[in-house]
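Below is structure_4.cif, which holds mmCIF, C-alpha atoms and all ligand atoms.
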data_work
loop_
_atom_site.label_atom_id
_atom_site.label_comp_id
_atom_site.auth_asym_id
_atom_site.auth_seq_id
_atom_site.Cartn_x
_atom_site.Cartn_y
_atom_site.Cartn_z
CA MET A 317 -3.28 -21.09 11.93
CA GLY A 318 -5.74 -21.41 9.05
CA LEU A 319 -3.47 -20.78 6.10
CA ILE A 320 -3.79 -23.34 3.30
CA LEU A 321 -1.10 -23.09 0.65
CA THR A 322 -0.97 -24.63 -2.80
CA TYR A 323 2.18 -24.86 -4.83
CA GLU A 324 2.86 -24.57 -8.53
CA GLU A 325 5.35 -26.90 -10.17
CA GLY A 326 8.93 -25.94 -9.31
CA GLN A 327 7.97 -23.98 -6.20
CA THR A 328 9.52 -24.46 -2.81
CA PRO A 329 7.00 -25.52 -0.15
CA LEU A 330 7.20 -23.82 3.25
CA ASP A 331 7.58 -25.84 6.42
CA PRO A 332 5.30 -25.15 9.45
CA GLU A 333 7.95 -23.09 11.23
CA GLN A 334 8.36 -20.86 8.21
CA ILE A 335 4.58 -20.47 7.93
CA ASN A 336 4.67 -19.29 11.56
CA GLY A 337 6.78 -16.42 10.29
CA LEU A 338 3.77 -14.91 8.57
CA LYS A 339 3.36 -11.36 9.88
CA ILE A 340 -0.17 -10.77 8.58
CA LYS A 341 -2.36 -13.21 10.45
CA THR A 342 -5.51 -12.43 8.45
CA ILE A 343 -4.09 -14.07 5.32
CA SER A 344 -5.86 -17.40 4.82
CA THR A 345 -5.51 -18.34 1.14
CA GLN A 346 -2.70 -18.74 -1.35
CA GLN A 347 -4.24 -16.01 -3.48
CA GLN A 348 -4.26 -13.51 -0.62
CA LEU A 349 -0.69 -14.43 0.18
CA ASN A 350 0.35 -13.92 -3.45
CA GLU A 351 -1.31 -10.50 -3.44
CA PHE A 352 0.36 -9.35 -0.21
CA GLU A 353 3.72 -10.60 -1.44
CA GLN A 354 3.26 -8.82 -4.77
CA THR A 355 2.35 -5.55 -3.00
CA ASN A 356 5.49 -5.88 -0.90
CA ILE A 357 7.61 -6.63 -3.98
CA ASN A 358 6.15 -3.60 -5.75
CA GLU A 359 7.34 -1.46 -2.83
CA ALA A 360 10.81 -2.95 -3.25
CA LEU A 361 10.71 -2.18 -6.98
CA LYS A 362 9.78 1.44 -6.20
CA TRP A 363 12.72 1.63 -3.83
CA LEU A 364 15.01 0.21 -6.53
CA ASN A 365 13.65 2.61 -9.16
CA SER A 366 14.35 5.56 -6.90
CA LYS A 367 18.06 4.75 -7.11
CA ARG A 368 20.05 6.04 -10.03
CA LYS A 369 23.03 3.76 -9.68
CA ILE A 370 23.48 0.83 -7.32
CA LYS A 371 27.19 0.12 -6.98
CA ALA A 372 27.19 -2.96 -4.79
CA VAL A 373 24.63 -5.11 -6.66
CA LEU A 374 27.08 -8.02 -6.71
CA SER A 375 27.44 -8.37 -2.95
CA GLU A 376 25.90 -10.51 -0.22
CA GLU A 377 24.85 -7.46 1.79
CA PHE A 378 22.87 -6.06 -1.11
CA MET A 379 21.17 -9.37 -1.91
CA ILE A 380 20.11 -9.83 1.73
CA GLN A 381 18.80 -6.28 1.87
CA LEU A 382 16.88 -6.82 -1.37
CA HIS A 383 15.16 -9.98 -0.11
CA LYS A 384 14.18 -8.14 3.08
CA ARG A 385 12.75 -5.25 1.06
CA MET A 386 10.81 -7.69 -1.16
CA LEU A 387 9.12 -9.77 1.54
CA GLY A 388 9.81 -8.12 4.94
CA MET A 389 6.26 -6.77 5.32
CA VAL A 390 4.86 -10.30 4.97
CA TRP A 391 7.47 -12.71 6.40
CA LYS A 392 9.60 -12.49 9.55
CA TRP A 393 12.36 -14.54 7.88
CA ALA A 394 12.78 -12.18 4.93
CA GLY A 395 16.47 -11.43 4.45
CA GLN A 396 17.52 -14.41 6.59
CA PHE A 397 19.24 -17.46 5.16
CA ARG A 398 17.31 -20.70 5.47
CA ARG A 399 18.17 -23.22 8.19
CA THR A 400 16.23 -26.12 6.76
CA GLU A 401 16.62 -28.32 3.71
CA THR A 402 14.56 -27.53 0.61
CA ASN A 403 13.81 -29.55 -2.50
CA ILE A 404 15.89 -27.37 -4.81
CA GLY A 405 18.75 -25.74 -2.93
CA ILE A 406 22.10 -26.92 -1.59
CA ASP A 407 22.70 -28.12 1.97
CA TRP A 408 21.78 -25.09 4.11
CA THR A 409 25.04 -25.17 6.05
CA ARG A 410 26.91 -24.28 2.85
CA ILE A 411 24.77 -21.29 1.80
CA SER A 412 27.02 -18.45 2.96
CA MET A 413 30.15 -20.08 1.55
CA GLU A 414 28.57 -20.83 -1.84
CA LEU A 415 27.14 -17.32 -2.04
CA ARG A 416 30.59 -15.89 -1.34
CA LEU A 417 32.04 -18.02 -4.16
CA LEU A 418 29.28 -16.91 -6.53
CA VAL A 419 29.87 -13.22 -5.78
CA ASP A 420 33.63 -13.67 -6.26
CA ASP A 421 33.15 -15.57 -9.53
CA ALA A 422 30.68 -13.02 -10.87
CA ASN A 423 32.97 -10.10 -10.11
CA PHE A 424 35.74 -11.98 -11.92
CA TRP A 425 33.48 -12.60 -14.97
CA VAL A 426 32.60 -8.90 -15.11
CA GLU A 427 36.18 -7.77 -14.78
CA HIS A 428 37.57 -10.22 -17.33
CA GLN A 429 34.54 -10.28 -19.65
CA THR A 430 34.49 -14.07 -19.36
CA TYR A 431 31.00 -14.21 -20.92
CA LEU A 432 28.78 -11.73 -22.69
CA PRO A 433 26.93 -9.38 -20.29
CA GLU A 434 23.54 -11.11 -20.61
CA GLU A 435 25.10 -14.50 -20.04
CA ILE A 436 26.77 -13.23 -16.88
CA ALA A 437 23.42 -11.97 -15.55
CA ILE A 438 21.67 -15.25 -16.37
CA ARG A 439 24.45 -17.51 -15.09
CA PHE A 440 24.36 -15.53 -11.86
CA LYS A 441 20.57 -15.85 -11.61
CA HIS A 442 20.67 -19.58 -12.18
CA ARG A 443 23.41 -20.26 -9.63
CA LEU A 444 21.72 -17.99 -7.10
CA VAL A 445 18.39 -19.81 -7.32
CA SER A 446 20.23 -23.16 -7.21
CA ILE A 447 21.82 -22.15 -3.90
CA HIS A 448 18.34 -21.15 -2.67
CA CYS A 449 19.49 -18.81 0.10
CA PHE A 450 16.10 -18.09 1.64
CA PRO A 451 13.12 -20.19 2.79
CA ASN A 452 11.09 -18.80 -0.12
CA GLY A 453 11.01 -16.08 -2.75
CA ASN A 454 14.27 -17.27 -4.29
CA GLY A 455 12.92 -17.39 -7.85
CA ARG A 456 11.57 -13.85 -7.77
CA HIS A 457 14.67 -12.57 -5.97
CA SER A 458 16.96 -14.18 -8.54
CA ARG A 459 15.02 -12.69 -11.48
CA ILE A 460 15.22 -9.21 -9.97
CA MET A 461 18.95 -9.75 -9.38
CA ALA A 462 19.42 -10.61 -13.07
CA ASP A 463 17.53 -7.42 -13.99
CA LEU A 464 19.70 -5.35 -11.66
CA ILE A 465 22.91 -6.84 -13.05
CA ALA A 466 21.77 -6.00 -16.60
CA LEU A 467 20.85 -2.47 -15.56
CA HIS A 468 23.43 -1.43 -12.99
CA VAL A 469 26.47 -3.49 -13.96
CA PHE A 470 26.11 -3.36 -17.74
CA GLY A 471 23.74 -0.45 -18.48
CA LEU A 472 21.39 -2.79 -20.39
CA ASN A 473 17.60 -3.00 -20.24
CA LYS A 474 15.97 -5.23 -17.64
CA PHE A 475 14.80 -8.65 -18.83
CA SER A 476 11.17 -9.32 -19.82
CA TRP A 477 10.87 -12.96 -18.55
CA GLY A 478 8.28 -14.00 -21.12
CA ASN A 479 6.18 -10.94 -20.28
CA SER A 480 4.67 -12.89 -17.41
CA SER A 481 4.85 -12.80 -13.61
CA LEU A 482 5.69 -16.56 -13.67
CA VAL A 483 4.09 -16.94 -10.25
CA ASP A 484 0.99 -18.80 -11.51
CA SER A 485 1.13 -21.85 -13.74
CA SER A 486 1.17 -20.91 -17.41
CA GLU A 487 2.82 -21.83 -20.70
CA GLN A 488 5.47 -19.26 -19.89
CA ARG A 489 6.20 -20.84 -16.54
CA LYS A 490 6.58 -24.25 -18.22
CA MET A 491 9.07 -22.79 -20.67
CA TYR A 492 10.89 -21.07 -17.84
CA LEU A 493 11.23 -24.30 -15.82
CA LYS A 494 12.40 -26.19 -18.91
CA ALA A 495 15.03 -23.54 -19.54
CA LEU A 496 16.17 -23.77 -15.90
CA GLN A 497 16.56 -27.53 -16.25
CA LEU A 498 18.71 -27.07 -19.35
CA ALA A 499 20.75 -24.54 -17.38
CA ASP A 500 21.17 -27.17 -14.62
CA ASN A 501 23.02 -29.15 -17.31
CA GLY A 502 25.17 -26.20 -18.35
CA ASP A 503 23.18 -24.96 -21.34
CA PHE A 504 22.17 -21.35 -20.68
CA SER A 505 21.00 -20.48 -24.19
CA GLN A 506 17.28 -21.16 -23.62
CA LEU A 507 17.21 -19.29 -20.32
CA ILE A 508 18.88 -16.26 -21.93
CA LYS A 509 16.42 -16.44 -24.81
CA PHE A 510 13.46 -16.80 -22.47
CA ALA A 511 14.59 -13.88 -20.30
CA ARG A 512 14.58 -11.64 -23.38
CA SER A 513 11.23 -12.92 -24.72
N1 LIG A 601 15.38 -27.35 -11.85
C1 LIG A 601 15.57 -26.13 -11.36
N2 LIG A 601 16.79 -25.58 -11.43
C2 LIG A 601 17.05 -24.36 -10.95
N3 LIG A 601 16.10 -23.58 -10.39
C3 LIG A 601 14.86 -24.07 -10.28
C4 LIG A 601 14.52 -25.35 -10.76
N4 LIG A 601 13.20 -25.56 -10.52
C5 LIG A 601 12.74 -24.44 -9.94
N5 LIG A 601 13.72 -23.53 -9.80
C6 LIG A 601 13.62 -22.16 -9.25
O1 LIG A 601 13.14 -22.16 -7.94
C7 LIG A 601 12.11 -21.21 -7.83
C8 LIG A 601 11.18 -21.58 -6.71
O2 LIG A 601 11.78 -21.20 -5.50
P1 LIG A 601 11.01 -20.31 -4.44
O3 LIG A 601 9.66 -20.90 -4.20
O4 LIG A 601 11.91 -20.05 -3.30
O5 LIG A 601 10.86 -18.94 -5.26
P2 LIG A 601 9.59 -18.06 -5.49
O6 LIG A 601 10.06 -16.69 -5.83
O7 LIG A 601 8.64 -18.22 -4.36
O8 LIG A 601 8.97 -18.78 -6.74
P3 LIG A 601 8.59 -18.24 -8.16
O9 LIG A 601 9.83 -17.85 -8.85
O10 LIG A 601 7.96 -19.42 -8.73
O11 LIG A 601 7.67 -17.10 -7.92
C9 LIG A 601 11.47 -21.19 -9.21
O12 LIG A 601 10.84 -20.00 -9.52
C10 LIG A 601 12.68 -21.32 -10.08
O13 LIG A 601 13.28 -20.05 -10.30
MG MG A 602 7.77 -19.89 -3.71
#
Please rewrite the model in this file as C-alpha cells.
Amino acid sequence: MGLILTYEEGQTPLDPEQINGLKIKTISTQQQLNEFEQTNINEALKWLNSKRKIKAVLSEEFMIQLHKRMLGMVWKWAGQFRRTETNIGIDWTRISMELRLLVDDANFWVEHQTYLPEEIAIRFKHRLVSIHCFPNGNGRHSRIMADLIALHVFGLNKFSWGNSSLVDSSEQRKMYLKALQLADNGDFSQLIKFARS
C-alpha cells in the first residue's frame, strides 16, 4: 500500500486499518486523496441540494447517511462509527450514547428556543466534532451539519466558514482552530462569528 498521508494541524490521523479501507487503490498522495474526497463530497452536496426540505436533520440516521454520502465512494468505513481511539474524540465505546444525548439536547434547544438559531447550529457542530463519530471526515461532516441546521431547521442561509475550504493550512484554518478551542472552553462567540465570515 503506497499511500503517504500528511496531516494539517488539528486533523485526525488515520490508522493502518482505516487506510486499508481505501476503495480507490490508485490513490497514492494526500493531494489525490483530497481531490477524490472533495469530488465525493460534491456529489453529496448535489444530493442535499436536490432536496427541498429535510425533516430529520437532527437524527442519528440522517447523520450516518450523510457521512456515507460524503465519503462512501472513497472509504469503506464511511457512515460507520469509529472503533479506535482518536486524538480529538471521546472514548469510542461512548459514541452512540453521546450522539443520542446530543440529538435529544438539540431538539430540546430548538423546541424551547434555549439559544438563538445560529448558536444552536454552532453548539451542535462543536459537540458533534468533539464526539468524533467517524474515523475521519468529522470536521467537514460537522460543518455541513451546521449548514443544514441553519437551512432546514431555521430557514436561514448556510454558513460561509471564512470563505475557505479549511482543508489546507491557511490563516482561515488557524482562526477556525482557535475558535474551536475557545468553544472547548464554552465560549462560542468566535466560532459563530467565524462561521458567518
Ligand atoms: N480543539 C478542538 N476542539 C474541537 N474540535 C476540533 C479541535 N481541533 C480540531 N477539531 C476538529 O476536528 C476536525 C478534524 O477531524 P477529522 O480529520 O475527522 O475531520 P476532517 O473533515 O477530515 O478535517 P477537516 O475539517 O480539517 O477537513 C477539524 O476540522 C476540526 O473541526
Ligand atoms: Mg481529516
Identify, counting all atoms listed in the file, the protein, DNA and RNA residues located within 6 Å of ligand MG 602 (chain A), and give them as a PyMOL selection string.
-> chain A and resi 327-328+452-453
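Taking atom CA of Thr402 of chain A as the reference point, atom N4 of ligand LIG 601 (chain A) is found at 11.4 Å.
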Need to verify the contact set: Leu467 of chain A, 12 Å, all atoms listed in the file, exclusion of same-chain residues closer than 3 positions in sequence. Can you return it as a PDB file with C-alpha atoms, in the frame of the given file?
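To be explicit, this is the file written out as out39.pdb:
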ATOM      1  CA  LEU A 364      15.010   0.210  -6.530  1.00  0.00           C
ATOM      2  CA  ASN A 365      13.650   2.610  -9.160  1.00  0.00           C
ATOM      3  CA  LYS A 367      18.060   4.750  -7.110  1.00  0.00           C
ATOM      4  CA  ARG A 368      20.050   6.040 -10.030  1.00  0.00           C
ATOM      5  CA  LYS A 369      23.030   3.760  -9.680  1.00  0.00           C
ATOM      6  CA  ILE A 370      23.480   0.830  -7.320  1.00  0.00           C
ATOM      7  CA  LYS A 371      27.190   0.120  -6.980  1.00  0.00           C
ATOM      8  CA  VAL A 373      24.630  -5.110  -6.660  1.00  0.00           C
ATOM      9  CA  PRO A 433      26.930  -9.380 -20.290  1.00  0.00           C
ATOM     10  CA  GLU A 434      23.540 -11.110 -20.610  1.00  0.00           C
ATOM     11  CA  ALA A 437      23.420 -11.970 -15.550  1.00  0.00           C
ATOM     12  CA  ILE A 460      15.220  -9.210  -9.970  1.00  0.00           C
ATOM     13  CA  MET A 461      18.950  -9.750  -9.380  1.00  0.00           C
ATOM     14  CA  ALA A 462      19.420 -10.610 -13.070  1.00  0.00           C
ATOM     15  CA  ASP A 463      17.530  -7.420 -13.990  1.00  0.00           C
ATOM     16  CA  LEU A 464      19.700  -5.350 -11.660  1.00  0.00           C
ATOM     17  CA  PHE A 470      26.110  -3.360 -17.740  1.00  0.00           C
ATOM     18  CA  GLY A 471      23.740  -0.450 -18.480  1.00  0.00           C
ATOM     19  CA  LEU A 472      21.390  -2.790 -20.390  1.00  0.00           C
ATOM     20  CA  ASN A 473      17.600  -3.000 -20.240  1.00  0.00           C
ATOM     21  CA  LYS A 474      15.970  -5.230 -17.640  1.00  0.00           C
ATOM     22  CA  PHE A 475      14.800  -8.650 -18.830  1.00  0.00           C
TER      23      PHE A 475
END
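The space separating atom CA of Ala360 of chain A from atom CA of Ala394 of chain A comes to 12.5 Å.
Considering all atoms listed in the file, the residue among A:Trp391, A:Trp425, A:Tyr431, A:Tyr323 positioned nearest to ligand LIG 601 (chain A) is A:Tyr323.
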Selection within 6 Å of ligand LIG 601 (chain A) by only C-alpha atoms and all ligand atoms, output as a ChimeraX atom specification | /A:326-328,445-446,452-456,483,493,496-497,500
